[in-house]
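Q: Got coords26.cif for you, mmCIF, C-alpha atoms:
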```cif
data_upload
loop_
_atom_site.label_atom_id
_atom_site.label_comp_id
_atom_site.auth_asym_id
_atom_site.auth_seq_id
_atom_site.Cartn_x
_atom_site.Cartn_y
_atom_site.Cartn_z
CA MET A 1 -31.51 42.74 -16.91
CA PHE A 2 -28.58 43.89 -14.80
CA TYR A 3 -28.54 40.65 -12.80
CA PHE A 4 -28.67 38.67 -15.97
CA ARG A 5 -25.50 40.39 -17.18
CA LEU A 6 -23.83 39.83 -13.86
CA VAL A 7 -24.65 36.14 -13.94
CA LEU A 8 -23.47 35.97 -17.54
CA LEU A 9 -20.19 37.57 -16.53
CA LEU A 10 -19.69 35.10 -13.69
CA VAL A 11 -20.51 32.15 -15.90
CA GLY A 12 -18.03 33.52 -18.41
CA ILE A 13 -15.32 33.72 -15.77
CA VAL A 14 -16.01 30.19 -14.59
CA ILE A 15 -15.85 28.87 -18.15
CA LEU A 16 -12.60 30.76 -18.64
CA ILE A 17 -11.12 29.08 -15.58
CA VAL A 18 -12.23 25.64 -16.70
CA VAL A 19 -10.88 26.14 -20.20
CA GLY A 20 -7.73 27.78 -18.84
CA ARG A 21 -7.06 24.84 -16.59
CA MET A 22 -7.57 22.47 -19.48
CA ILE A 23 -5.18 24.42 -21.70
CA PHE A 24 -2.47 25.36 -19.25
CA LEU A 25 -2.33 22.41 -16.87
CA PRO A 26 -0.45 19.45 -18.36
CA ASP A 27 -2.43 16.26 -18.92
CA SER A 28 -0.99 14.32 -16.03
CA TRP A 29 -1.35 17.14 -13.52
CA GLY A 30 -2.96 15.68 -10.42
CA GLN A 31 -2.30 12.10 -11.46
CA TYR A 32 -0.42 11.41 -8.24
CA GLY A 33 -0.58 14.79 -6.54
CA TYR A 34 -0.35 18.48 -7.27
CA TYR A 35 2.37 18.15 -9.92
CA ARG A 36 2.90 16.73 -13.41
CA GLY A 37 2.67 13.00 -12.78
CA ALA A 38 4.21 12.09 -16.13
CA TYR A 39 7.56 13.41 -14.91
CA ILE A 40 7.95 10.44 -12.59
CA HIS A 41 7.86 8.17 -15.63
CA GLU A 42 10.22 10.45 -17.56
CA GLU A 43 12.73 10.39 -14.70
CA ALA A 44 12.43 6.62 -14.37
CA ALA A 45 12.99 6.18 -18.11
CA LYS A 46 16.38 7.93 -18.13
CA ASN A 47 19.21 5.80 -19.46
CA LEU A 48 21.69 4.11 -17.18
CA VAL A 49 25.36 4.96 -17.51
CA TYR A 50 26.91 2.50 -15.08
CA GLY A 51 25.95 -1.14 -15.03
CA THR A 52 27.02 -3.46 -12.25
CA ASN A 53 29.87 -5.95 -11.98
CA ASP A 54 27.51 -8.51 -13.45
CA SER A 55 27.63 -6.62 -16.73
CA CYS A 56 31.27 -7.71 -17.15
CA LYS A 57 30.70 -11.29 -16.03
CA GLU A 58 29.50 -12.60 -19.36
CA CYS A 59 32.67 -11.60 -21.23
CA HIS A 60 35.33 -11.56 -18.49
CA LYS A 61 34.35 -14.53 -16.37
CA GLU A 62 37.90 -15.32 -15.26
CA ILE A 63 38.64 -11.89 -13.86
CA TYR A 64 35.15 -11.68 -12.42
CA ASP A 65 35.69 -14.92 -10.49
CA LEU A 66 39.24 -14.07 -9.49
CA LYS A 67 38.10 -10.74 -8.10
CA LEU A 68 35.35 -12.36 -6.03
CA GLN A 69 37.94 -14.49 -4.22
CA GLY A 70 40.27 -11.64 -3.34
CA HIS A 71 40.32 -8.56 -1.15
CA HIS A 72 38.87 -6.42 -3.93
CA GLN A 73 35.64 -8.38 -4.11
CA ARG A 74 33.48 -5.39 -3.12
CA LEU A 75 35.00 -3.04 -5.66
CA SER A 76 33.14 -1.93 -8.74
CA CYS A 77 34.95 -2.87 -11.96
CA GLU A 78 33.70 0.31 -13.55
CA ILE A 79 35.33 2.54 -10.93
CA CYS A 80 38.83 1.35 -11.84
CA HIS A 81 37.88 1.18 -15.51
CA ALA A 82 34.94 3.09 -17.02
CA PRO A 83 31.17 2.71 -17.44
CA VAL A 84 30.29 -0.44 -19.35
CA GLY A 85 28.30 1.40 -22.02
CA GLU A 86 31.48 3.08 -23.28
CA HIS A 87 33.07 -0.33 -23.92
CA ALA A 88 30.39 -2.90 -24.74
CA GLN A 89 26.85 -2.65 -26.02
CA ASN A 90 24.31 -5.31 -26.98
CA GLY A 91 26.80 -8.09 -26.31
CA GLU A 92 29.61 -6.62 -28.39
CA LYS A 93 32.76 -4.69 -27.68
CA ILE A 94 32.42 -1.23 -29.21
CA ALA A 95 35.53 0.52 -27.86
CA ASP A 96 38.60 -0.13 -25.75
CA MET A 97 38.13 -0.06 -22.03
CA PRO A 98 40.61 2.23 -20.31
CA ARG A 99 42.97 0.40 -17.97
CA LYS A 100 45.42 2.27 -15.87
CA LEU A 101 49.12 1.53 -16.33
CA GLY A 102 52.18 3.35 -15.05
CA GLU A 103 51.78 6.47 -12.96
CA PRO A 104 47.98 6.80 -13.38
CA GLN A 105 47.70 3.29 -11.96
CA VAL A 106 49.70 4.26 -8.88
CA ASP A 107 47.42 7.28 -8.45
CA LEU A 108 44.36 5.04 -8.74
CA CYS A 109 45.54 2.67 -6.03
CA LEU A 110 46.71 5.47 -3.76
CA LYS A 111 43.35 7.23 -3.99
CA CYS A 112 42.06 4.48 -1.75
CA HIS A 113 45.18 3.17 -0.03
CA ILE A 114 47.41 6.10 0.84
CA LYS A 115 47.74 6.87 4.50
CA VAL A 116 45.91 10.09 5.41
CA GLU A 117 44.04 11.08 8.55
CA GLY A 118 40.49 9.81 8.82
CA LYS A 119 40.83 6.37 7.21
CA PRO A 120 39.01 3.68 9.22
CA GLU A 121 41.44 1.84 11.49
CA LYS A 122 40.97 -1.54 9.84
CA PHE A 123 41.46 -0.29 6.32
CA PRO A 124 44.84 -1.32 4.84
CA VAL A 125 46.89 1.78 4.05
CA ILE A 126 50.45 2.32 2.92
CA GLU A 127 52.89 5.18 3.04
CA TYR A 128 54.13 6.10 -0.38
CA PRO A 129 56.84 5.73 -1.59
CA LYS A 130 57.98 4.14 1.70
CA HIS A 131 55.97 1.01 0.84
CA LEU A 132 58.17 0.47 -2.19
CA SER A 133 61.47 1.19 -0.48
CA ASP A 134 60.39 -1.20 2.30
CA GLN A 135 60.28 -3.92 -0.34
CA ASN A 136 63.72 -2.90 -1.57
CA VAL A 137 62.52 -1.90 -5.02
CA LYS A 138 62.84 1.31 -6.97
CA VAL A 139 60.10 3.84 -6.40
CA THR A 140 59.27 3.69 -10.10
CA HIS A 141 57.64 0.28 -9.57
CA THR A 142 53.95 0.21 -10.33
CA CYS A 143 51.59 -1.56 -8.00
CA ASP A 144 50.70 -4.33 -10.44
CA GLN A 145 54.31 -5.46 -10.57
CA CYS A 146 53.70 -7.18 -7.25
CA HIS A 147 49.94 -7.10 -6.76
CA THR A 148 47.48 -8.72 -9.12
CA VAL A 149 45.14 -5.78 -9.34
CA HIS A 150 41.94 -7.82 -9.32
CA ALA A 151 42.88 -9.86 -6.24
CA PRO A 152 45.68 -7.81 -4.73
CA LEU A 153 47.20 -10.31 -2.30
CA GLU A 154 46.54 -13.40 -4.39
CA ASN A 155 50.07 -13.89 -5.72
CA ILE A 156 51.72 -12.63 -2.53
CA GLU A 157 49.84 -15.07 -0.33
CA ARG A 158 50.46 -17.88 -2.79
CA GLY A 159 54.15 -16.98 -2.74
CA ARG A 160 54.16 -17.20 1.04
CA THR A 161 52.66 -20.67 1.15
CA LYS A 162 55.33 -21.79 -1.24
CA GLY A 163 57.94 -20.34 1.08
CA VAL A 164 59.15 -17.79 -1.42
CA THR A 165 59.33 -14.24 -0.24
CA LEU A 166 58.21 -11.63 -2.62
CA LYS A 167 61.37 -9.62 -2.20
CA MET A 168 63.29 -12.46 -3.82
CA GLU A 169 60.77 -12.69 -6.61
CA VAL A 170 61.07 -9.09 -7.65
CA SER A 171 64.56 -8.11 -6.63
CA GLY A 172 65.81 -9.02 -10.06
CA GLY A 173 63.38 -6.59 -11.66
CA ASN A 174 64.19 -3.03 -12.59
CA MET B 1 -24.42 49.93 -21.70
CA GLU B 2 -27.99 49.79 -20.54
CA ILE B 3 -27.76 50.28 -16.82
CA ASP B 4 -31.03 50.99 -15.06
CA GLN B 5 -30.37 54.65 -14.34
CA GLY B 6 -33.49 55.04 -12.25
CA PHE B 7 -32.53 52.17 -10.02
CA ILE B 8 -29.18 53.67 -9.21
CA ASP B 9 -30.62 57.09 -8.59
CA LYS B 10 -33.29 55.74 -6.31
CA ASP B 11 -31.12 53.73 -4.03
CA ARG B 12 -27.40 54.24 -4.45
CA ARG B 13 -26.57 52.59 -1.17
CA GLY B 14 -28.68 49.52 -1.93
CA PHE B 15 -27.10 49.20 -5.36
CA ILE B 16 -23.56 49.29 -4.02
CA GLU B 17 -24.51 46.77 -1.40
CA LYS B 18 -25.93 44.39 -3.99
CA VAL B 19 -23.00 44.75 -6.34
CA LEU B 20 -20.60 44.10 -3.50
CA ARG B 21 -22.54 41.06 -2.40
CA GLY B 22 -22.61 39.82 -5.98
CA SER B 23 -18.92 40.26 -6.55
CA LEU B 24 -18.25 38.65 -3.20
CA LYS B 25 -20.16 35.59 -4.31
CA GLY B 26 -18.35 35.75 -7.63
CA SER B 27 -14.92 35.85 -6.05
CA LEU B 28 -15.90 33.00 -3.78
CA LEU B 29 -16.68 31.00 -6.88
CA LEU B 30 -13.25 31.90 -8.15
CA LEU B 31 -11.68 30.58 -5.00
CA ILE B 32 -13.48 27.28 -4.80
CA PRO B 33 -13.83 26.00 -8.35
CA MET B 34 -11.95 22.81 -7.45
CA HIS B 35 -14.67 21.82 -5.04
CA SER B 36 -17.76 22.94 -6.88
CA ASP B 37 -19.91 20.31 -8.56
CA LEU B 38 -18.65 21.31 -11.95
CA PHE B 39 -15.25 19.84 -11.14
CA ALA B 40 -16.32 16.85 -9.17
CA GLN B 41 -16.53 14.76 -12.30
CA VAL B 42 -13.03 15.66 -13.45
CA LEU B 43 -11.60 14.82 -10.07
CA ASN B 44 -13.25 11.42 -9.93
CA GLU B 45 -11.85 10.55 -13.30
CA GLU B 46 -8.38 11.41 -12.06
CA LYS B 47 -8.84 9.26 -9.00
CA ASP B 48 -9.68 6.34 -11.28
CA LYS B 49 -6.46 6.98 -13.12
CA ILE B 50 -4.45 6.78 -9.91
CA ILE B 51 -6.02 3.49 -8.98
CA SER B 52 -5.41 1.98 -12.38
CA LEU B 53 -1.78 3.17 -12.55
CA ILE B 54 -0.60 2.15 -9.10
CA ASP B 55 -0.79 -1.59 -8.86
CA PRO B 56 -2.79 -2.35 -5.71
CA LYS B 57 -0.89 -5.63 -5.30
CA ASP B 58 2.39 -3.74 -5.10
CA THR B 59 3.27 -3.57 -1.40
CA ARG B 60 4.59 -0.08 -0.94
CA LYS B 61 8.35 0.00 -0.69
CA ASN B 62 9.94 2.06 2.01
CA TYR B 63 13.30 3.06 0.62
CA ALA B 64 16.05 4.32 2.90
CA PHE B 65 19.65 5.37 2.44
CA MET B 66 22.29 4.78 5.08
CA VAL B 67 25.77 6.19 5.41
CA ASP B 68 28.23 4.31 7.59
CA VAL B 69 30.62 7.09 8.54
CA GLY B 70 33.05 4.65 10.12
CA ALA B 71 33.51 2.79 6.83
CA CYS B 72 34.14 5.72 4.49
CA ILE B 73 37.74 5.94 3.28
CA GLY B 74 37.30 9.24 1.42
CA CYS B 75 38.29 7.83 -1.98
CA GLY B 76 35.67 9.83 -3.88
CA SER B 77 34.60 6.94 -6.12
CA CYS B 78 30.96 7.74 -5.31
CA CYS B 79 31.35 11.31 -6.53
CA VAL B 80 32.99 10.21 -9.77
CA ALA B 81 30.22 7.70 -10.41
CA ASP B 82 27.50 10.20 -9.59
CA ARG B 83 28.82 12.86 -11.93
CA LYS B 84 28.93 10.44 -14.87
CA GLU B 85 25.67 8.70 -14.10
CA ASN B 86 23.68 11.91 -13.79
CA HIS B 87 25.63 14.13 -16.21
CA VAL B 88 26.34 16.66 -13.48
CA PRO B 89 28.28 19.64 -14.87
CA GLU B 90 31.74 20.40 -13.44
CA GLY B 91 31.56 22.75 -10.50
CA SER B 92 28.22 21.39 -9.25
CA TYR B 93 27.81 18.44 -6.92
CA ARG B 94 24.87 16.15 -6.33
CA THR B 95 26.86 14.31 -3.71
CA TRP B 96 30.15 15.06 -2.00
CA VAL B 97 32.38 13.81 0.79
CA GLU B 98 33.54 16.11 3.60
CA ARG B 99 36.64 15.55 5.70
CA TYR B 100 36.28 16.31 9.39
CA VAL B 101 39.43 16.76 11.45
CA ILE B 102 39.20 17.51 15.16
CA ASP B 103 42.24 18.63 17.13
CA ILE B 104 42.89 18.07 20.83
CA TYR B 105 41.29 21.43 21.66
CA ASN B 106 38.09 20.25 19.97
CA THR B 107 38.44 22.68 17.10
CA VAL B 108 36.64 21.15 14.12
CA TYR B 109 38.14 21.60 10.66
CA VAL B 110 35.98 20.66 7.69
CA ASP B 111 37.14 20.68 4.09
CA ALA B 112 35.94 19.22 0.82
CA PRO B 113 38.24 20.23 -2.05
CA ASN B 114 36.37 19.56 -5.32
CA GLY B 115 33.70 17.81 -3.27
CA GLY B 116 36.17 15.08 -2.37
CA GLU B 117 35.87 13.77 -5.90
CA ASP B 118 39.63 13.38 -6.38
CA GLY B 119 39.98 11.43 -3.16
CA TYR B 120 41.76 12.65 -0.06
CA THR B 121 45.40 11.91 -0.76
CA HIS B 122 47.07 14.64 1.30
CA MET B 123 47.16 15.24 5.03
CA ARG B 124 45.89 18.58 6.28
CA GLU B 125 49.23 20.15 6.96
CA ASP B 126 47.75 23.51 7.96
CA ILE B 127 46.56 22.13 11.28
CA LYS B 128 49.29 22.77 13.84
CA GLU B 129 47.73 21.12 16.90
CA PRO B 130 47.78 17.37 17.40
CA ILE B 131 44.77 15.63 15.88
CA LYS B 132 42.32 13.77 18.07
CA ASN B 133 39.89 12.41 15.53
CA ALA B 134 39.25 12.46 11.81
CA PHE B 135 36.63 10.95 9.54
CA TYR B 136 34.85 11.37 6.21
CA VAL B 137 31.19 12.21 5.83
CA PRO B 138 29.40 11.60 2.52
CA LYS B 139 26.54 14.01 1.85
CA LEU B 140 23.61 13.71 -0.53
CA CYS B 141 19.87 14.39 -0.72
CA ASN B 142 18.15 13.62 2.58
CA MET B 143 14.83 12.77 0.84
CA CYS B 144 12.92 14.49 3.62
CA GLN B 145 9.46 13.24 4.43
CA GLU B 146 8.58 16.90 5.06
CA PRO B 147 10.68 18.56 2.35
CA SER B 148 11.00 22.32 2.69
CA CYS B 149 12.08 22.58 -0.96
CA VAL B 150 8.70 21.23 -2.08
CA GLN B 151 6.86 23.67 0.17
CA VAL B 152 8.55 26.74 -1.30
CA CYS B 153 8.35 25.82 -4.99
CA PRO B 154 5.95 28.32 -6.57
CA VAL B 155 5.20 26.24 -9.69
CA ALA B 156 5.02 22.76 -8.16
CA ALA B 157 8.00 21.66 -10.24
CA THR B 158 9.53 19.87 -7.29
CA PHE B 159 7.46 17.28 -5.49
CA LYS B 160 7.51 14.05 -3.56
CA THR B 161 6.55 10.88 -5.43
CA PRO B 162 4.16 8.37 -3.85
CA ASP B 163 7.18 6.15 -3.11
CA GLY B 164 8.97 8.92 -1.25
CA PHE B 165 11.48 10.39 -3.71
CA VAL B 166 11.77 14.14 -4.02
CA LEU B 167 12.24 14.97 -7.70
CA VAL B 168 12.56 18.09 -9.84
CA ASP B 169 10.46 18.33 -13.01
CA SER B 170 13.04 20.08 -15.16
CA THR B 171 10.48 20.90 -17.84
CA HIS B 172 8.44 22.85 -15.33
CA CYS B 173 11.13 24.47 -13.19
CA VAL B 174 11.56 28.22 -13.64
CA ALA B 175 14.92 28.30 -11.80
CA CYS B 176 13.76 30.86 -9.25
CA GLY B 177 16.17 29.30 -6.77
CA TYR B 178 13.84 29.31 -3.76
CA CYS B 179 14.36 25.59 -3.22
CA VAL B 180 18.13 26.02 -3.37
CA GLN B 181 17.87 28.42 -0.45
CA ALA B 182 15.21 26.46 1.39
CA CYS B 183 17.13 23.18 1.52
CA PRO B 184 18.71 22.97 4.97
CA TYR B 185 21.26 20.48 3.69
CA GLY B 186 22.52 22.49 0.74
CA VAL B 187 22.04 19.67 -1.74
CA ARG B 188 20.32 21.76 -4.42
CA PHE B 189 21.91 23.87 -7.11
CA ILE B 190 20.99 25.52 -10.38
CA ASN B 191 22.32 23.32 -13.15
CA ASN B 192 24.17 25.65 -15.51
CA GLU B 193 23.49 23.43 -18.53
CA THR B 194 19.75 22.83 -18.14
CA HIS B 195 19.22 26.13 -16.28
CA THR B 196 16.91 24.47 -13.79
CA ALA B 197 17.14 23.39 -10.19
CA ASP B 198 18.89 20.05 -9.82
CA LYS B 199 19.69 17.65 -7.05
CA CYS B 200 20.42 14.05 -6.12
CA THR B 201 17.49 11.70 -6.85
CA TRP B 202 18.99 8.63 -5.16
CA CYS B 203 19.25 7.58 -8.82
CA TYR B 204 15.52 7.17 -9.25
CA HIS B 205 16.10 5.96 -12.82
CA ARG B 206 18.34 3.13 -11.55
CA VAL B 207 16.26 2.20 -8.52
CA SER B 208 13.11 1.99 -10.63
CA LYS B 209 14.95 -0.52 -12.82
CA GLY B 210 16.02 -2.56 -9.81
CA LYS B 211 19.61 -1.27 -9.68
CA LEU B 212 21.41 0.35 -6.79
CA PRO B 213 22.14 4.07 -6.93
CA ALA B 214 25.42 4.70 -8.80
CA CYS B 215 27.25 5.89 -5.68
CA VAL B 216 26.22 2.83 -3.68
CA ASN B 217 27.34 0.60 -6.54
CA ALA B 218 30.69 2.39 -6.64
CA CYS B 219 31.43 2.42 -2.92
CA PRO B 220 34.27 -0.04 -2.18
CA THR B 221 33.67 -0.36 1.55
CA GLY B 222 29.90 -0.44 1.95
CA ALA B 223 29.87 3.02 3.53
CA ARG B 224 26.85 3.81 1.40
CA LYS B 225 23.88 1.50 1.71
CA PHE B 226 20.49 1.62 0.06
CA GLY B 227 17.45 -0.59 0.36
CA ASP B 228 13.87 -1.21 1.32
CA LEU B 229 13.08 -1.01 5.03
CA ASN B 230 9.96 -3.11 4.41
CA ASP B 231 12.14 -5.99 3.26
CA PRO B 232 13.44 -7.58 6.48
CA ASN B 233 16.30 -9.26 4.60
CA SER B 234 17.75 -6.04 3.25
CA GLU B 235 20.92 -4.72 4.86
CA VAL B 236 19.30 -1.40 5.72
CA ALA B 237 16.35 -3.08 7.44
CA LYS B 238 18.70 -5.26 9.47
CA ILE B 239 20.63 -2.22 10.64
CA TYR B 240 17.44 -0.27 11.23
CA ASN B 241 16.03 -3.03 13.42
CA SER B 242 19.30 -3.58 15.30
CA LYS B 243 20.58 -1.79 18.36
CA LYS B 244 22.87 0.39 16.29
CA ILE B 245 22.27 4.10 16.69
CA LEU B 246 21.08 5.85 13.56
CA LYS B 247 21.05 9.62 13.36
CA VAL B 248 19.63 12.11 10.90
CA LEU B 249 21.09 15.52 10.13
CA LYS B 250 19.50 18.62 11.73
CA LYS B 251 16.71 16.61 13.34
CA GLN B 252 15.41 19.68 15.16
CA LEU B 253 14.26 21.20 11.87
CA GLY B 254 11.57 18.54 11.54
CA ASN B 255 12.26 17.76 7.89
CA GLU B 256 12.33 14.08 8.80
CA PRO B 257 15.09 12.85 6.49
CA VAL B 258 15.17 9.26 5.30
CA LEU B 259 18.97 9.48 4.99
CA TYR B 260 20.40 7.88 8.11
CA TYR B 261 23.93 8.19 9.46
CA LEU B 262 25.53 5.32 11.28
CA GLY B 263 28.34 6.15 13.69
CA ALA B 264 28.18 9.89 13.13
CA ASN B 265 29.80 12.10 15.76
CA GLU B 266 27.91 15.04 17.19
CA GLU B 267 30.05 17.42 15.13
CA VAL B 268 28.33 16.10 11.99
CA ILE B 269 24.76 16.31 13.21
#
```
Would you mind writing the structure in this file as structure tokens?

A:
Amino acid sequence: MFYFRLVLLLVGIVILIVVGRMIFLPDSWGQYGYYRGAYIHEEAAKNLVYGTNDSCKECHKEIYDLKLQGHHQRLSCEICHAPVGEHAQNGEKIADMPRKLGEPQVDLCLKCHIKVEGKPEKFPVIEYPKHLSDQNVKVTHTCDQCHTVHAPLENIERGRTKGVTLKMEVSGGN
Amino acid sequence: MEIDQGFIDKDRRGFIEKVLRGSLKGSLLLLIPMHSDLFAQVLNEEKDKIISLIDPKDTRKNYAFMVDVGACIGCGSCCVADRKENHVPEGSYRTWVERYVIDIYNTVYVDAPNGGEDGYTHMREDIKEPIKNAFYVPKLCNMCQEPSCVQVCPVAATFKTPDGFVLVDSTHCVACGYCVQACPYGVRFINNETHTADKCTWCYHRVSKGKLPACVNACPTGARKFGDLNDPNSEVAKIYNSKKILKVLKKQLGNEPVLYYLGANEEVI
């Protein structure tokens, strides 16, 4: 009689564990290992924010191609602008894309190009505002007044082959 | 309660012995339910599930991340991209870029204002001695093959996927913070919006859709590289199989990171 109760108790405990596991462990527990396997799929399903440069190609082919020929070919469009999803969705423009003009543009360019310690030797850096005074222009000039932002030496190199120096080109400016 | 009084009275010692033996067997059963026959069926079913979900034709990818220290210009574009891509709250960092400056007396100065996110646009004027060397070091999750964060998690909310990514199940995490302390690379933090542990995933959601991690996509100089070591045409495989020296951080800890550093000075390791 006593043993019977003991066995009953043990069986009860075992059943409790089985049922407990069924209730408390999520369905996909153990699917891939000792964790909730479904999370892998949830993580993978998260939405993208950034696209790639190819996501601009369809609508801005000219700039896309121009950029590929210049020194900025490796740059991400969305780093100088903003994630594509904030500007175009399902093949349509939904909002303006920020583009930096004036002082914010200078800050953008200098983030990469200003001379500070630690830049790789081969990377082109400038001293600011010395770079502007070297070209004999006012320090209020923005970078895109001389550099085409998407291929930054394009116009300068073209000017050189034509024998025009850039200083002449811009000296009339403000 | 109908306990056999006579039995107890007759042989107290024997009774205690038997009860102890019984409860010992009982507790053994408690310990080994996973392996008893009762559960064998359940387990087999789950094995079937694994086989049907992982495509056997899929040659296992072997993803690796490489940081080319010599190419980093410290512009912080990666950090900007990461914050937006992964909705990282201000004040927390999934990835950051440190500036190392070494003077002629070999004193090493390291700083990372706002995780380097705003770019390094000012010289370190506080350093009086002449500078011998300076460089930028991007940091992110090392995706250890032997992750200490996974070992310490008491609820199995953080784990390594079959393809080698260490992830955090935010629905399961109890934010105890053990993993934050256990990570030798300091890449984990408690996200103050979700109130769970959080960390870089190498953009698992992008990689699984065939896109590069956001930081790699944003990097203007190729200082961050990502790819499949099993694909001999990938940039990372080419570097891995070349003579170039790759290093991992804190190798002596045995975490076996899959984040490799190219051209890293000993001060970084």

Q: Find the residues around Tyr34 of chain A up to 12 Å (only C-alpha atoms counted), leave out those fewer than 2 positions away in its own chain, and share them as an mmCIF file with C-alpha atoms, in the frame of the given file.

A:
```cif
data_model
loop_
_atom_site.group_PDB
_atom_site.id
_atom_site.type_symbol
_atom_site.label_atom_id
_atom_site.label_comp_id
_atom_site.auth_asym_id
_atom_site.auth_seq_id
_atom_site.Cartn_x
_atom_site.Cartn_y
_atom_site.Cartn_z
ATOM 1 C CA LEU A 25 -2.330 22.410 -16.870
ATOM 2 C CA PRO A 26 -0.450 19.450 -18.360
ATOM 3 C CA SER A 28 -0.990 14.320 -16.030
ATOM 4 C CA TRP A 29 -1.350 17.140 -13.520
ATOM 5 C CA GLY A 30 -2.960 15.680 -10.420
ATOM 6 C CA GLN A 31 -2.300 12.100 -11.460
ATOM 7 C CA TYR A 32 -0.420 11.410 -8.240
ATOM 8 C CA ARG A 36 2.900 16.730 -13.410
ATOM 9 C CA GLY A 37 2.670 13.000 -12.780
ATOM 10 C CA ALA A 38 4.210 12.090 -16.130
ATOM 11 C CA GLU B 46 -8.380 11.410 -12.060
ATOM 12 C CA VAL B 150 8.700 21.230 -2.080
ATOM 13 C CA GLN B 151 6.860 23.670 0.170
ATOM 14 C CA CYS B 153 8.350 25.820 -4.990
ATOM 15 C CA PRO B 154 5.950 28.320 -6.570
ATOM 16 C CA VAL B 155 5.200 26.240 -9.690
ATOM 17 C CA ALA B 156 5.020 22.760 -8.160
ATOM 18 C CA ALA B 157 8.000 21.660 -10.240
ATOM 19 C CA THR B 158 9.530 19.870 -7.290
ATOM 20 C CA PHE B 159 7.460 17.280 -5.490
ATOM 21 C CA LYS B 160 7.510 14.050 -3.560
ATOM 22 C CA THR B 161 6.550 10.880 -5.430
ATOM 23 C CA PRO B 162 4.160 8.370 -3.850
#
```

Q: Counting only C-alpha atoms, which residues come within 6 Å of (29.8, 7.7, -15.0), with the point read in the file's coordinates, and could you list them as a count of residues only?

A: 6

Q: Which residues of chain B sit at most 7 Å from chain A, using all atoms listed in the file? Give each one's shortest atom pair and distance in Å (one decimal place), in chain and ascending residue order, as JSON lines.

A:
```
{"residue": "B:Ile3", "atom": "CA", "partner": "A:Phe2", "partner_atom": "CA", "distance": 6.8}
{"residue": "B:Gly26", "atom": "CA", "partner": "A:Leu10", "partner_atom": "CA", "distance": 6.2}
{"residue": "B:Glu46", "atom": "CA", "partner": "A:Gln31", "partner_atom": "CA", "distance": 6.1}
{"residue": "B:Lys49", "atom": "CA", "partner": "A:Gln31", "partner_atom": "CA", "distance": 6.8}
{"residue": "B:Ile50", "atom": "CA", "partner": "A:Gln31", "partner_atom": "CA", "distance": 5.9}
{"residue": "B:Gly70", "atom": "CA", "partner": "A:Pro120", "partner_atom": "CA", "distance": 6.1}
{"residue": "B:Ala71", "atom": "CA", "partner": "A:Pro120", "partner_atom": "CA", "distance": 6.1}
{"residue": "B:Ile73", "atom": "CA", "partner": "A:Lys119", "partner_atom": "CA", "distance": 5.0}
{"residue": "B:Cys75", "atom": "CA", "partner": "A:Cys112", "partner_atom": "CA", "distance": 5.0}
{"residue": "B:Ser77", "atom": "CA", "partner": "A:Ile79", "partner_atom": "CA", "distance": 6.6}
{"residue": "B:Glu85", "atom": "CA", "partner": "A:Val49", "partner_atom": "CA", "distance": 5.1}
{"residue": "B:Gly119", "atom": "CA", "partner": "A:Lys111", "partner_atom": "CA", "distance": 5.4}
{"residue": "B:Tyr120", "atom": "CA", "partner": "A:Lys111", "partner_atom": "CA", "distance": 6.9}
{"residue": "B:Thr121", "atom": "CA", "partner": "A:Lys111", "partner_atom": "CA", "distance": 6.0}
{"residue": "B:His122", "atom": "CA", "partner": "A:Val116", "partner_atom": "CA", "distance": 6.2}
{"residue": "B:Met123", "atom": "CA", "partner": "A:Val116", "partner_atom": "CA", "distance": 5.3}
{"residue": "B:Ala134", "atom": "CA", "partner": "A:Gly118", "partner_atom": "CA", "distance": 4.2}
{"residue": "B:Phe135", "atom": "CA", "partner": "A:Gly118", "partner_atom": "CA", "distance": 4.1}
{"residue": "B:Tyr136", "atom": "CA", "partner": "A:Gly118", "partner_atom": "CA", "distance": 6.4}
{"residue": "B:Ala156", "atom": "CA", "partner": "A:Tyr35", "partner_atom": "CA", "distance": 5.6}
{"residue": "B:Ala157", "atom": "CA", "partner": "A:Tyr35", "partner_atom": "CA", "distance": 6.6}
{"residue": "B:Phe159", "atom": "CA", "partner": "A:Tyr35", "partner_atom": "CA", "distance": 6.8}
{"residue": "B:Asp169", "atom": "CA", "partner": "A:Tyr39", "partner_atom": "CA", "distance": 6.0}
{"residue": "B:Tyr204", "atom": "CA", "partner": "A:Ala44", "partner_atom": "CA", "distance": 6.0}
{"residue": "B:His205", "atom": "CA", "partner": "A:Ala44", "partner_atom": "CA", "distance": 4.0}
{"residue": "B:Arg206", "atom": "CA", "partner": "A:Leu48", "partner_atom": "CA", "distance": 6.6}
{"residue": "B:Ser208", "atom": "CA", "partner": "A:Ala44", "partner_atom": "CA", "distance": 6.0}
{"residue": "B:Ala214", "atom": "CA", "partner": "A:Tyr50", "partner_atom": "CA", "distance": 6.8}
{"residue": "B:Asn217", "atom": "CA", "partner": "A:Ser76", "partner_atom": "CA", "distance": 6.7}
{"residue": "B:Ala218", "atom": "CA", "partner": "A:Ser76", "partner_atom": "CA", "distance": 5.4}
{"residue": "B:Pro220", "atom": "CA", "partner": "A:Leu75", "partner_atom": "CA", "distance": 4.7}
{"residue": "B:Thr221", "atom": "CA", "partner": "A:Arg74", "partner_atom": "CA", "distance": 6.9}
```

Q: Please report as a Markdown table every residue of segment 122-231 of chain B lying within 8 Å of segment 96-106 of chain B, along with the nearest atom pair and their distance in Å (one decimal), using all atoms listed in the file.

A:
```
| residue | atom | partner | partner_atom | distance |
| --- | --- | --- | --- | --- |
| B:Glu129 | CA | B:Asp103 | CA | 6.0 |
| B:Pro130 | CA | B:Asp103 | CA | 5.7 |
| B:Ile131 | CA | B:Asp103 | CA | 4.1 |
| B:Lys132 | CA | B:Asp103 | CA | 5.0 |
| B:Asn133 | CA | B:Ile102 | CA | 5.2 |
| B:Ala134 | CA | B:Val101 | CA | 4.3 |
| B:Phe135 | CA | B:Tyr100 | CA | 5.4 |
| B:Tyr136 | CA | B:Arg99 | CA | 4.6 |
| B:Val137 | CA | B:Glu98 | CA | 5.1 |
| B:Pro138 | CA | B:Val97 | CA | 4.1 |
| B:Lys139 | CA | B:Trp96 | CA | 5.4 |
| B:Leu140 | CA | B:Trp96 | CA | 6.8 |
```
